[in-house]
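Undergrad: Next up, coords-v6.tsv (TSV, C-alpha atoms).
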```
chain	number	residue	atom	x	y	z
A	1017	MET	CA	-30.13	32.85	14.96
A	1018	ASN	CA	-29.29	34.32	18.34
A	1019	LYS	CA	-26.07	36.31	17.74
A	1020	THR	CA	-24.73	35.56	21.21
A	1021	TYR	CA	-25.12	31.84	20.59
A	1022	GLU	CA	-23.26	32.19	17.30
A	1023	VAL	CA	-20.39	34.22	18.78
A	1024	PHE	CA	-19.62	31.74	21.54
A	1025	MET	CA	-20.21	28.66	19.38
A	1026	ARG	CA	-17.51	30.01	17.07
A	1027	GLU	CA	-15.21	30.08	20.08
A	1028	ALA	CA	-16.07	26.45	20.75
A	1029	LEU	CA	-15.40	25.61	17.10
A	1030	LYS	CA	-11.96	27.22	17.34
A	1031	GLN	CA	-11.23	24.92	20.25
A	1032	ALA	CA	-12.41	21.88	18.28
A	1033	GLU	CA	-10.09	22.76	15.39
A	1034	LEU	CA	-7.10	22.36	17.71
A	1035	GLY	CA	-7.62	18.60	17.69
A	1036	ILE	CA	-8.03	17.92	13.97
A	1037	TYR	CA	-4.66	16.18	13.63
A	1038	THR	CA	-4.87	14.06	16.79
A	1039	THR	CA	-8.46	13.21	17.73
A	1040	SER	CA	-9.43	10.51	15.18
A	1041	PRO	CA	-11.07	8.01	15.45
A	1042	ASN	CA	-12.98	10.14	17.97
A	1043	PRO	CA	-14.79	13.29	16.81
A	1044	ASN	CA	-13.36	16.79	17.04
A	1045	VAL	CA	-15.13	18.59	19.86
A	1046	GLY	CA	-14.61	22.02	21.40
A	1047	CYS	CA	-16.25	23.61	24.43
A	1048	VAL	CA	-16.39	26.97	26.19
A	1049	VAL	CA	-18.06	27.96	29.47
A	1050	VAL	CA	-19.52	31.47	29.44
A	1051	LYS	CA	-20.56	33.59	32.40
A	1052	ASP	CA	-21.67	37.22	32.31
A	1053	GLY	CA	-20.68	37.43	28.65
A	1054	LYS	CA	-17.11	36.20	29.21
A	1055	VAL	CA	-15.38	32.88	28.52
A	1056	VAL	CA	-14.35	31.45	31.89
A	1057	GLY	CA	-13.39	27.97	30.70
A	1058	LYS	CA	-12.42	26.32	27.44
A	1059	GLY	CA	-11.12	23.01	26.16
A	1060	TYR	CA	-11.02	20.50	23.34
A	1061	HIS	CA	-10.79	16.76	22.94
A	1062	TYR	CA	-7.17	15.98	22.13
A	1063	GLN	CA	-7.01	12.23	21.70
A	1064	SER	CA	-9.01	9.03	22.16
A	1065	GLY	CA	-8.90	7.90	25.78
A	1066	MET	CA	-8.23	11.39	27.11
A	1067	PRO	CA	-10.87	13.63	28.77
A	1068	HIS	CA	-13.51	15.20	26.56
A	1069	ALA	CA	-13.73	18.90	25.77
A	1070	GLU	CA	-16.45	19.57	28.37
A	1071	VAL	CA	-14.29	18.18	31.17
A	1072	TYR	CA	-11.35	20.46	30.38
A	1073	ALA	CA	-13.61	23.52	30.04
A	1074	LEU	CA	-15.43	22.86	33.31
A	1075	GLU	CA	-12.23	22.20	35.22
A	1076	MET	CA	-10.84	25.50	33.97
A	1077	ALA	CA	-14.06	27.32	34.91
A	1078	GLY	CA	-14.17	25.87	38.43
A	1079	ASP	CA	-16.85	27.54	40.61
A	1080	ASN	CA	-17.53	30.01	37.80
A	1081	ALA	CA	-19.47	27.20	36.10
A	1082	ILE	CA	-22.32	27.66	38.61
A	1083	GLY	CA	-25.13	29.44	36.76
A	1084	ALA	CA	-23.06	29.67	33.56
A	1085	ASP	CA	-23.77	28.58	29.98
A	1086	LEU	CA	-21.82	25.80	28.29
A	1087	TYR	CA	-21.26	25.81	24.52
A	1088	VAL	CA	-20.17	22.56	22.92
A	1089	THR	CA	-19.87	21.65	19.24
A	1090	LEU	CA	-21.20	18.08	19.65
A	1091	GLU	CA	-23.89	16.64	21.91
A	1092	PRO	CA	-22.33	15.61	25.26
A	1093	CYS	CA	-21.90	11.87	25.70
A	1094	CYS	CA	-24.08	9.91	28.11
A	1095	HIS	CA	-22.41	6.49	28.07
A	1096	TYR	CA	-19.33	4.90	29.55
A	1097	GLY	CA	-16.58	4.35	27.01
A	1098	LYS	CA	-12.90	5.01	27.64
A	1099	THR	CA	-14.03	7.95	29.78
A	1100	PRO	CA	-17.10	8.58	31.99
A	1101	PRO	CA	-20.24	10.33	30.59
A	1102	CYS	CA	-19.79	14.09	30.16
A	1103	ILE	CA	-23.39	14.80	31.17
A	1104	ASN	CA	-22.59	13.80	34.77
A	1105	LYS	CA	-19.86	16.42	34.97
A	1106	ILE	CA	-22.10	19.07	33.37
A	1107	ILE	CA	-25.05	18.39	35.67
A	1108	SER	CA	-22.96	18.38	38.85
A	1109	SER	CA	-21.12	21.59	37.88
A	1110	GLY	CA	-24.18	23.83	38.18
A	1111	ILE	CA	-24.41	24.78	34.48
A	1112	LYS	CA	-27.82	26.32	33.74
A	1113	LYS	CA	-27.85	26.17	29.91
A	1114	VAL	CA	-26.11	24.00	27.30
A	1115	VAL	CA	-25.86	25.21	23.69
A	1116	ILE	CA	-25.01	22.41	21.23
A	1117	GLY	CA	-23.72	22.57	17.67
A	1118	MET	CA	-25.02	19.22	16.44
A	1119	LEU	CA	-26.57	15.97	17.61
A	1120	ASP	CA	-24.14	13.10	18.02
A	1121	PRO	CA	-24.79	10.67	15.13
A	1122	TYR	CA	-23.49	7.78	17.27
A	1123	LEU	CA	-26.56	5.74	18.22
A	1124	LEU	CA	-25.43	5.18	21.82
A	1125	VAL	CA	-25.58	8.94	22.34
A	1126	SER	CA	-27.81	10.53	19.71
A	1127	GLY	CA	-30.50	12.54	21.52
A	1128	LYS	CA	-29.95	10.75	24.82
A	1129	GLY	CA	-27.43	13.26	26.15
A	1130	ILE	CA	-29.84	16.12	25.46
A	1131	LEU	CA	-32.70	14.26	27.14
A	1132	ALA	CA	-30.61	13.61	30.25
A	1133	LEU	CA	-29.64	17.28	30.51
A	1134	ARG	CA	-33.23	18.45	30.16
A	1135	ASN	CA	-34.41	15.89	32.72
A	1136	ALA	CA	-31.88	17.44	35.09
A	1137	GLY	CA	-33.53	20.85	34.60
A	1138	ILE	CA	-30.88	22.29	32.29
A	1139	ASP	CA	-32.02	24.43	29.35
A	1140	VAL	CA	-30.72	22.97	26.06
A	1141	VAL	CA	-30.42	24.68	22.66
A	1142	VAL	CA	-29.44	22.55	19.64
A	1143	GLY	CA	-28.30	23.26	16.08
A	1144	ILE	CA	-26.15	26.38	16.43
A	1145	LEU	CA	-23.70	26.53	13.49
A	1146	GLU	CA	-24.49	22.89	12.85
A	1147	ASN	CA	-22.89	22.80	9.39
A	1148	ASP	CA	-19.61	24.07	10.82
A	1149	SER	CA	-19.63	21.31	13.42
A	1150	ARG	CA	-20.40	18.71	10.76
A	1151	GLU	CA	-17.57	19.98	8.57
A	1152	LEU	CA	-15.11	19.29	11.38
A	1153	ASN	CA	-16.31	15.69	11.67
A	1154	LEU	CA	-16.97	14.38	8.16
A	1155	GLY	CA	-14.90	11.27	8.84
A	1156	PHE	CA	-16.50	10.43	12.17
A	1157	ILE	CA	-20.01	11.02	10.79
A	1158	SER	CA	-19.30	8.82	7.77
A	1159	ARG	CA	-17.89	6.02	9.88
A	1160	VAL	CA	-20.78	5.86	12.38
A	1161	THR	CA	-23.62	6.45	9.90
A	1162	ARG	CA	-22.36	4.68	6.74
A	1163	SER	CA	-19.92	2.19	8.28
A	1164	ARG	CA	-17.17	3.48	6.00
A	1165	PRO	CA	-14.55	6.23	6.18
A	1166	TRP	CA	-14.62	9.56	4.35
A	1167	VAL	CA	-12.56	9.05	1.19
A	1168	SER	CA	-10.76	11.98	-0.44
A	1169	VAL	CA	-8.78	11.80	-3.68
A	1170	LYS	CA	-6.03	14.40	-3.98
A	1171	LEU	CA	-4.79	15.48	-7.41
A	1172	GLY	CA	-2.23	18.02	-8.57
A	1173	VAL	CA	-3.38	19.04	-12.05
A	1174	SER	CA	-2.62	21.44	-14.87
A	1175	LEU	CA	-5.11	23.94	-16.24
A	1176	ASP	CA	-6.14	21.34	-18.84
A	1177	GLY	CA	-6.65	18.63	-16.22
A	1178	ARG	CA	-3.40	16.70	-16.70
A	1179	THR	CA	-1.54	15.07	-13.82
A	1180	SER	CA	1.79	14.22	-15.48
A	1181	LEU	CA	3.63	14.09	-18.77
A	1182	GLN	CA	3.37	10.95	-20.89
A	1183	ASN	CA	6.64	9.70	-19.37
A	1184	GLY	CA	5.21	10.04	-15.85
A	1185	THR	CA	7.02	13.24	-14.88
A	1186	SER	CA	4.90	15.34	-12.52
A	1187	ARG	CA	7.43	17.24	-10.36
A	1188	TRP	CA	6.37	19.88	-10.14
A	1189	ILE	CA	3.05	20.82	-11.73
A	1190	THR	CA	1.80	22.70	-8.68
A	1191	CYS	CA	3.42	25.47	-6.65
A	1192	GLN	CA	5.13	25.24	-3.26
A	1193	ALA	CA	2.05	26.54	-1.40
A	1194	SER	CA	-0.07	23.70	-2.81
A	1195	ARG	CA	2.50	21.07	-1.91
A	1196	GLU	CA	2.71	22.40	1.64
A	1197	ASP	CA	-1.09	22.26	1.94
A	1198	VAL	CA	-1.03	18.58	0.96
A	1199	HIS	CA	0.89	17.82	4.15
A	1200	LYS	CA	-2.09	19.13	6.13
A	1201	LEU	CA	-4.31	16.67	4.26
A	1202	ARG	CA	-1.95	13.83	5.12
A	1203	ALA	CA	-1.73	14.91	8.75
A	1204	ARG	CA	-5.53	14.80	9.03
A	1205	SER	CA	-5.71	11.32	7.47
A	1206	ASP	CA	-5.74	7.96	9.23
A	1207	LEU	CA	-4.90	5.98	6.10
A	1208	ILE	CA	-3.14	7.00	2.88
A	1209	ILE	CA	-3.72	4.82	-0.19
A	1210	THR	CA	-1.60	4.66	-3.31
A	1211	GLY	CA	-1.06	2.26	-6.19
A	1212	SER	CA	1.89	0.29	-7.52
A	1213	ASN	CA	2.35	2.58	-10.53
A	1214	THR	CA	2.82	5.60	-8.27
A	1215	VAL	CA	5.32	3.74	-6.07
A	1216	CYS	CA	7.28	2.42	-9.05
A	1217	ILE	CA	7.39	5.72	-10.98
A	1218	ASP	CA	7.54	8.38	-8.25
A	1219	ASN	CA	8.95	6.39	-5.30
A	1220	PRO	CA	7.09	8.72	-2.93
A	1221	LEU	CA	7.44	9.06	0.83
A	1222	LEU	CA	3.79	10.05	1.35
A	1223	ASN	CA	4.71	11.27	4.82
A	1224	VAL	CA	4.01	14.50	6.69
A	1225	ARG	CA	6.73	17.14	6.48
A	1226	GLY	CA	6.97	20.66	7.85
A	1227	MET	CA	4.62	20.02	10.79
A	1228	SER	CA	4.58	17.90	13.91
A	1229	VAL	CA	1.87	15.25	14.12
A	1230	ASN	CA	1.47	13.05	17.18
A	1231	LYS	CA	-0.31	10.17	15.48
A	1232	SER	CA	0.43	7.15	13.33
A	1233	ILE	CA	-0.70	7.35	9.70
A	1234	THR	CA	-0.98	3.96	8.02
A	1235	LYS	CA	-0.06	3.54	4.34
A	1236	LEU	CA	-1.83	1.08	2.04
A	1237	ILE	CA	-0.31	0.09	-1.30
A	1238	ILE	CA	-2.54	-1.61	-3.85
A	1239	ASP	CA	-0.21	-3.85	-5.84
A	1240	SER	CA	-2.09	-6.72	-7.47
A	1241	LYS	CA	0.95	-8.20	-9.24
A	1242	LEU	CA	3.56	-7.33	-6.61
A	1243	ARG	CA	5.52	-4.93	-8.80
A	1244	THR	CA	6.85	-2.73	-6.01
A	1245	GLU	CA	10.24	-3.39	-4.46
A	1246	PRO	CA	11.10	-3.67	-0.75
A	1247	ASP	CA	13.63	-0.82	-1.02
A	1248	SER	CA	10.89	1.62	-2.04
A	1249	LEU	CA	10.89	4.65	0.25
A	1250	ILE	CA	7.30	4.14	1.37
A	1251	TYR	CA	8.20	0.78	2.94
A	1252	ASN	CA	11.18	2.08	4.88
A	1253	GLN	CA	10.01	4.90	7.15
A	1254	GLY	CA	8.94	2.91	10.19
A	1255	ASP	CA	5.24	3.55	9.54
A	1256	ARG	CA	2.64	0.80	9.52
A	1257	VAL	CA	2.22	-0.42	5.94
A	1258	LEU	CA	-0.55	-2.56	4.46
A	1259	LEU	CA	0.03	-4.31	1.14
A	1260	ALA	CA	-3.07	-5.34	-0.81
A	1261	THR	CA	-2.07	-7.89	-3.44
A	1262	ASN	CA	-3.35	-10.81	-5.46
A	1263	SER	CA	0.12	-12.25	-5.89
A	1264	LYS	CA	0.81	-15.67	-4.41
A	1265	LYS	CA	4.40	-15.81	-5.65
A	1266	THR	CA	7.23	-16.46	-3.25
A	1267	ALA	CA	8.37	-12.86	-3.69
A	1268	LEU	CA	5.90	-12.06	-0.92
A	1269	LYS	CA	8.34	-13.60	1.52
A	1270	LYS	CA	10.89	-10.86	0.89
A	1271	PHE	CA	8.38	-8.32	2.22
A	1272	ILE	CA	7.38	-10.36	5.25
A	1273	ASP	CA	10.96	-11.19	6.23
A	1274	SER	CA	12.52	-7.77	5.78
A	1275	LEU	CA	9.82	-5.22	6.56
A	1276	ASN	CA	7.00	-4.43	8.97
A	1277	ILE	CA	4.26	-5.06	6.42
A	1278	GLU	CA	0.82	-6.58	6.84
A	1279	ILE	CA	-0.22	-8.55	3.76
A	1280	TRP	CA	-3.84	-8.38	2.61
A	1281	ASP	CA	-4.15	-11.13	-0.01
A	1282	ASP	CA	-7.73	-12.25	0.67
A	1283	ILE	CA	-9.48	-9.52	-1.33
A	1284	SER	CA	-8.88	-10.53	-4.94
A	1285	LEU	CA	-11.18	-11.21	-7.86
A	1286	ASN	CA	-10.13	-12.20	-11.38
A	1287	GLU	CA	-6.44	-11.89	-10.47
A	1288	ARG	CA	-6.77	-8.31	-9.26
A	1289	VAL	CA	-7.39	-6.62	-5.93
A	1290	ASN	CA	-11.14	-6.18	-5.65
A	1291	LEU	CA	-11.76	-2.60	-4.56
A	1292	PRO	CA	-15.23	-3.10	-2.99
A	1293	LEU	CA	-13.86	-6.02	-0.95
A	1294	LEU	CA	-10.81	-3.95	-0.01
A	1295	PHE	CA	-12.92	-1.04	1.20
A	1296	ASN	CA	-15.18	-3.40	3.15
A	1297	LYS	CA	-12.07	-4.55	4.97
A	1298	ILE	CA	-10.88	-0.97	5.49
A	1299	SER	CA	-14.30	-0.05	6.89
A	1300	LYS	CA	-13.92	-2.60	9.68
A	1301	LYS	CA	-10.94	-0.65	10.99
A	1302	GLU	CA	-11.18	2.59	12.97
A	1303	TYR	CA	-10.22	4.78	10.00
A	1304	SER	CA	-12.28	7.96	9.73
A	1305	TYR	CA	-10.30	9.76	7.01
A	1306	VAL	CA	-8.77	8.05	3.98
A	1307	LEU	CA	-6.63	10.01	1.53
A	1308	VAL	CA	-5.87	8.62	-1.93
A	1309	GLU	CA	-2.75	9.82	-3.73
A	1310	ALA	CA	-2.56	7.73	-6.87
A	1311	GLY	CA	-2.56	7.75	-10.65
A	1312	MET	CA	-5.30	7.72	-13.24
A	1313	ASN	CA	-5.83	3.93	-13.21
A	1314	LEU	CA	-6.58	3.60	-9.51
A	1315	ASN	CA	-8.48	6.91	-9.44
A	1316	GLY	CA	-10.64	5.74	-12.33
A	1317	ALA	CA	-11.37	2.41	-10.69
A	1318	LEU	CA	-12.40	4.14	-7.44
A	1319	LEU	CA	-14.65	6.46	-9.41
A	1320	GLU	CA	-16.33	3.57	-11.22
A	1321	HIS	CA	-16.99	1.78	-7.94
A	1322	ASN	CA	-18.46	4.93	-6.36
A	1323	LEU	CA	-15.86	4.92	-3.59
A	1324	ILE	CA	-14.91	8.62	-3.73
A	1325	ASP	CA	-16.60	11.14	-1.43
A	1326	GLU	CA	-14.43	14.12	-2.19
A	1327	LEU	CA	-12.02	15.38	-4.86
A	1328	ILE	CA	-9.33	17.84	-3.82
A	1329	LEU	CA	-7.72	19.42	-6.86
A	1330	TYR	CA	-4.65	21.63	-6.75
A	1331	MET	CA	-4.78	23.31	-10.16
A	1332	SER	CA	-1.86	25.21	-11.63
A	1333	PRO	CA	-2.06	27.72	-14.51
A	1334	LYS	CA	0.01	25.44	-16.77
A	1335	ILE	CA	-1.04	23.56	-19.89
A	1336	LEU	CA	0.51	20.15	-20.60
A	1337	GLY	CA	-1.40	19.10	-23.73
A	1338	THR	CA	-3.40	16.10	-24.85
A	1339	SER	CA	-0.52	13.61	-24.84
A	1340	SER	CA	-0.11	14.04	-21.08
A	1341	LEU	CA	-1.91	11.82	-18.58
A	1342	GLY	CA	-5.31	12.73	-17.17
A	1343	MET	CA	-6.98	12.33	-13.79
A	1344	PHE	CA	-9.14	9.23	-14.38
A	1345	GLN	CA	-8.78	6.21	-16.62
A	1346	ILE	CA	-12.39	5.16	-17.26
A	1347	PRO	CA	-14.28	3.58	-20.17
A	1348	GLU	CA	-15.62	5.92	-22.81
A	1349	ILE	CA	-18.87	7.61	-21.80
A	1350	GLU	CA	-21.23	7.69	-24.78
A	1351	ASN	CA	-24.21	9.25	-23.02
A	1352	LEU	CA	-24.09	12.25	-20.67
A	1353	GLU	CA	-26.65	10.56	-18.45
A	1354	ASN	CA	-23.85	8.16	-17.48
A	1355	LYS	CA	-21.45	10.91	-16.40
A	1356	PHE	CA	-19.83	11.01	-12.97
A	1357	GLY	CA	-21.05	14.07	-11.09
A	1358	PHE	CA	-19.70	16.11	-8.18
A	1359	ASN	CA	-20.69	19.42	-6.61
A	1360	PHE	CA	-18.37	22.35	-6.05
A	1361	HIS	CA	-17.78	22.81	-2.34
A	1362	SER	CA	-15.08	25.47	-2.25
A	1363	VAL	CA	-12.51	27.27	-4.41
A	1364	ASN	CA	-9.53	29.02	-2.84
A	1365	LYS	CA	-6.36	30.58	-4.18
A	1366	LEU	CA	-3.01	29.20	-3.02
A	1367	ASP	CA	-0.33	31.54	-4.35
A	1368	LYS	CA	-0.15	30.72	-8.08
A	1369	ASP	CA	-2.59	27.78	-7.88
A	1370	ILE	CA	-6.21	27.30	-6.93
A	1371	LYS	CA	-7.53	24.60	-4.59
A	1372	ILE	CA	-10.87	23.15	-5.62
A	1373	ILE	CA	-12.88	20.83	-3.37
A	1374	LEU	CA	-15.73	18.85	-4.95
A	1375	ARG	CA	-18.05	16.47	-3.13
A	1376	LYS	CA	-20.63	13.83	-3.82
A	1377	ASN	CA	-24.11	14.13	-2.37
A	1378	ILE	CA	-24.25	11.54	0.42
```
Take the structure in the file and give it back as structure tokens.
TA:
Amino acid sequence: MNKTYEVFMREALKQAELGIYTTSPNPNVGCVVVKDGKVVGKGYHYQSGMPHAEVYALEMAGDNAIGADLYVTLEPCCHYGKTPPCINKIISSGIKKVVIGMLDPYLLVSGKGILALRNAGIDVVVGILENDSRELNLGFISRVTRSRPWVSVKLGVSLDGRTSLQNGTSRWITCQASREDVHKLRARSDLIITGSNTVCIDNPLLNVRGMSVNKSITKLIIDSKLRTEPDSLIYNQGDRVLLATNSKKTALKKFIDSLNIEIWDDISLNERVNLPLLFNKISKKEYSYVLVEAGMNLNGALLEHNLIDELILYMSPKILGTSSLGMFQIPEIENLENKFGFNFHSVNKLDKDIKIILRKNI
């Protein structure tokens, strides 16, 4: 790989990272304009409906863009959406070369932006630090190629894989550094899912603390039998809340009358919320990143239905013993061929704990 390409693409990636908490459902994109070995313009896409990264970088570069190189983490768009096509701005600016991290997986763009640039006489290089660009946009890629969001399950676990004591006590298995990192996961998410057991036992907020996030994060509670109460903390923060339930009892009225809750009661099967139907409904929304913070029953059901893309484990060096609760409630596996498999993606130390990310092959 050309080292110069790599150096300046890393600068573009740094720009893209600045939008990870605000850009969804749009992709994270960063851009730098380089002339005579120096960055003369830079920018990133901040939020849907606002200018794209290339526009900010070119405006900053001004006349310095003439004869310069433009580095962008994602193929420039060539269609009219909420903003005009970026290729028009690039072509008219006098850029001589465009270096791209990855092709846009969105069919309206994929390959067409590159073709338009080349037809305009601009040299185009594609695939520089492509994996890094993809890593920044797992949710967007999943949504436009699989018609479903990227689903992560977060778990705080002991060294022996236990998530709580038998009585449900789990505060705190993990250290402060791990708990602070969880807020970054929430801030990146568009939708946070939990179950009725978690709401009833832990009464969690599931909000973002310790950092400012200029976006709305929807909460979804799966409560087939309507066990949760309207005074639960998760219902009373002013956030948008979805309630997936099978219950037809009049108790539903107490939620509708007193709280800003959207009831999803059309996704049941055999008196329970049907998870495949639920996720089909979720997939029709513009959610790119879904975070699940739940107990072993819901986690196990998601695992059985192959609805998990990523496991994020915060593991502490504590041992809770066999009577404590595990990560997944699933039927006994009698043959290893029927196991559920993931691949290690990364392992990092967080003070006293370690953070392990595992992913499915998709």
Undergrad: With distances taken over all atoms listed in the file, which of A:Leu1124, A:Val1363, A:Leu1145, A:Val1306 is nearest to Val1160 of chain A?
TA: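 That would be A:Leu1124, the residue with the smallest distance to Val1160 of chain A.
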Undergrad: Between atom CA of Val1215 of chain A and atom CA of Ser1339 of chain A, what is the distance, to one decimal in Å?
TA: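 Pair atom CA of Val1215 of chain A / atom CA of Ser1339 of chain A returns 22.0 Å.
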Undergrad: Quick one, how far is atom CA of Gly1083 of chain A from atom CA of His1095 of chain A?
TA: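 Atom-to-atom, atom CA of Gly1083 of chain A and atom CA of His1095 of chain A are spaced 24.7 Å apart.
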Undergrad: Separation of atom CA of Ala1084 of chain A and atom CA of Asp1139 of chain A, in Å?
TA: 11.2 Å
Undergrad: Would you mind listing what lies within 10 Å of Leu1318 of chain A as a compact mmCIF listing (two decimals) with C-alpha atoms, keeping the file's coordinate frame, with only C-alpha atoms counted and same-chain residues fewer than 2 positions away left out?
TA:
```txt
# COMPACT_ATOMS: atom_id res chain seq x y z
CA VAL A 1167 -12.56 9.05 1.19
CA VAL A 1169 -8.78 11.80 -3.68
CA LEU A 1291 -11.76 -2.60 -4.56
CA PRO A 1292 -15.23 -3.10 -2.99
CA VAL A 1308 -5.87 8.62 -1.93
CA MET A 1312 -5.30 7.72 -13.24
CA ASN A 1313 -5.83 3.93 -13.21
CA LEU A 1314 -6.58 3.60 -9.51
CA ASN A 1315 -8.48 6.91 -9.44
CA GLY A 1316 -10.64 5.74 -12.33
CA GLU A 1320 -16.33 3.57 -11.22
CA HIS A 1321 -16.99 1.78 -7.94
CA ASN A 1322 -18.46 4.93 -6.36
CA LEU A 1323 -15.86 4.92 -3.59
CA ILE A 1324 -14.91 8.62 -3.73
CA PHE A 1344 -9.14 9.23 -14.38
CA ILE A 1346 -12.39 5.16 -17.26
```
Undergrad: Would you list the residues near (-3.6, 14.4, -9.4), meaning any protein, DNA or RNA residue with an atom at most 10 Å from that point in file coordinates, counting all atoms listed in the file, as JSON, numbers by chain?
TA: {"A": [1169, 1170, 1171, 1172, 1173, 1174, 1177, 1178, 1179, 1180, 1186, 1189, 1190, 1308, 1309, 1310, 1311, 1312, 1315, 1327, 1328, 1329, 1330, 1331, 1341, 1342, 1343, 1344]}
